[in-house]
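Chemist: Okay, here's the structure, questions in a sec.
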Amino acid sequence: MTIDMSPSLALVVTIGVLVAAGVYLVLERSLTRIIIGIVLIGNGVNLLLLVSGGAAGGAPIIGMTPEDEMSDPLPEALILTAIVITLGMTAFLLALAYRSWQLHGHDEVQDDVEDRRIAYLAARDEMAFADSDTDTDAPDIEDEAHEVRDETDSLLLLVGEEGLVDVPVRAVRDERGADAEPPAGSAGEGEPPEGPPSGTDGEVSR
Amino acid sequence: MSELDFLVPLPAILPLFGAGLALAMWRSQRAQFLISVVVLAIVLAASVAMLVTVGDVPMVVDIGGWAAPVGINVVADRLAVLMLTVSSAVFLCVLLYSMAQGLADGGEDTPVAIYHPTYLVLAAGVSMAFLAGDLFNLFVAFEVLLAASYVLITLGGTGERIRSGTIYIAVALVSSLIFLTAIALIYAATGTVNLAQLALRLPEIDPGMAHVLQLMLLLAFGIKAAVFPLHAWLPDSYPTAPAPVTAVFAGLLTKVGVYAIIRTQTLLFPGGAADTLLLWLALATMLVGILGAVAQDDIKRLLSFTLVSHIGYMIFGIALSTAAGLTGAIFYVAHHITVQTTLFLVVGLIERRGGTTSLDRLGGLAKLAPGLAILFFIPAMNLSGIPPMSGFLGKVGLLRAGVADGSSLAWALVVGGVVTSLLTLYAIVKAWNKAFWQIPPAPLEGSSLPRGMVGPTAALVVFSLALTVFAGPLYTYTERAADTLRDRSIYVYAVLPDGERGEGESADVAAEEGGA
């Protein structure tokens, strides 16, 4: 026995419209719109279940309808269950939206607070947490490097094969920007720390 | 058919009855507690009884005597029974823990009237998902457990819980709708939602369509299991719930998604058409999850990220599509449910003792509460896979399966698995150093730990150690479970003995219709 599975075009179009509108609404911030969106998608999916049962027919009761004209009762049972579930969920979501409105005066879905905090710290390049073990008064290696560099701030000594060469800091820095390789001969100096105070730059250019 | 078949539906039915009874007894907290404990203890006993007796052939019950593809059936095979046993043990321990917390807090954190019924409904939903014999029943089980979880995650209705709960609920609803759509399409393509009948009919439909159906189911279950890139809802929503609720969610809800993936991949789509995709997703899940964990300074969020990360191991095992891979995945699920739940319970204790879960503000707990330190240390080391504990054994099983597979992608997964394990150790050791060893920046404002909360936590720690001690027999068991899963004819034959109909009383009527 072959089953007529060709769906009604009207139903298919309705499903498309319902789901499209629902997806648009679910992407909104306001919880009320999300609820409407979910209801719309839910109805679209319920219609899809109806379509999945094949072409419409008579009541599936033996004696009332000839067997090959019966509609498939199973999808209808599934839809009934799905409708009840969607109803319960909608009620809960509405309660949630109301509670959110009570608490905040709006029902907008908010961002992940902690994610924001970490993104903020990352943007400022700060530690995610304070490390009390390393909080000592002794100058750390970065401070020391700053002091060391102060002596040679106006000029960076480059020891090449030609001997001592005076090169303005700005020029060296530009060169480094072009290619990340440190210039030859600076190995003995140690890597200068990144991001020197901008004040020194001005002095150098003079 | 054994005489123990009557046990099969109990884990789903009893908690539902218990929930109704507990709701009726809302005036008496003691009565509610008694009902919950008794119900969950019976469920645990029934699960253990099935664990001991289940053989190669799954136990099948046609509900109401309706033969299988027409009626609803519940199926308990080795995998389902193992999951039932672990989950009911976890449910019982967490219930005792939450009761002690409720008593100590004077019921402030647990609105008494609804907590027990909802918790029992959650237990029923989880059991139902493990036992479901058809896709729509699985969908209903998901909805039952999700509905309960919505209530539990927004318990008390505080601002923070409403905020995180909204995201959780919206995401869960969308995944349910995707699942329902998949069911509609599957019914349109095959004319059935019964898993055993689907296993027979799906190979007959167009392979392209079958692939679409497989991907839709994977999408729906992937959201529930928090597989990358569908995991973003999890670390945001779990940490705000009360500690026992987070513990149950972290331990069980994602694993129900993993279970559904295992079931559908092995029974319905055994060709392994999505394996490459799943392997990539497993790798990404592991790495993204654990990198997220490294960045956190709140211990609950840290653990939520490790949860996401370790889902990757299970997907890895499933995606290998070999007996060894599946064995490792099942073992890892059992191990991970226990360990993750334990860790969240311990974090609940830490929060109580230290007054906070922020690693910035915690400190010196090793001196203040050495017992708590031990309770944290054992599952933490277990999670990061330190030998000889079960986490190590599970990972070794998966890595060996990956090596045996030998493809370059499998090797990438093996390397990724080791890196993830090391990063887990790093994140956990960081948490340990901060919470237990550093000098607290300010004196901690915690209260003492009630014995009723420590007891269940310790019981779970012992249970996780038992998984290590009895890892040999357990591994043999999961091996057999994997073999049963891979030989689909066992499942199909158990549900539909003649390939057409089940054994319910309606078999004669159905036979007249002639397989319409």
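Labels for the structure tokens follow display order: chains A, B, ..., residues from 1 in each chain, ligands from 1.
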Hey, list the chain A side of the contact with chain B: 6 Å cut-off, only C-alpha atoms, answer as a tab-separated table (two decimals) with C-alpha atoms, in the first residue's frame.
Modeler:
```tsv
chain	number	residue	atom	x	y	z
A	45	VAL	CA	6.80	22.52	13.96
A	49	LEU	CA	4.33	17.04	12.27
A	52	SER	CA	4.64	14.32	8.14
```
Chemist: Please provide the set of residues having any atom within 10 Å of A:Ile15, restricted to only C-alpha atoms, with same-chain residues fewer than 5 positions apart removed, written as a PyMOL selection string.
Modeler: chain A and resi 9-10+20-21+40-48+51
Chemist: Can you pull out every residue from stretch 332-407 of chain B that DSSP, working from the backbone, puts in alpha helix (DSSP H), and format the result as a ChimeraX atom specification?
Modeler: /B:332-354,365-368,370-383,390-405
Chemist: Between atom CA of B:Asp275 and atom CA of B:Leu409, what is the distance, to one decimal in Å?
Modeler: 10.6 Å
Chemist: Would you please work out which residue, of B:Val333, B:Ala46, B:Leu10, B:Leu287, is nearest to B:Lys255 when using only C-alpha atoms?
Modeler: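 Checking each candidate against B:Lys255, we get B:Val333 as the closest.
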Chemist: When you look at stretch 384-399 of chain B with a cut-off of 7 Å (counting only C-alpha atoms), what residues show up, excluding the ones that are within fewer than 3 positions of it in the same chain? I need them as an MDAnalysis selection string.
Modeler: chainID B and resid 317 325 328:329 331:332 335 380:381 402:403 414 421 424:425 467:468 471
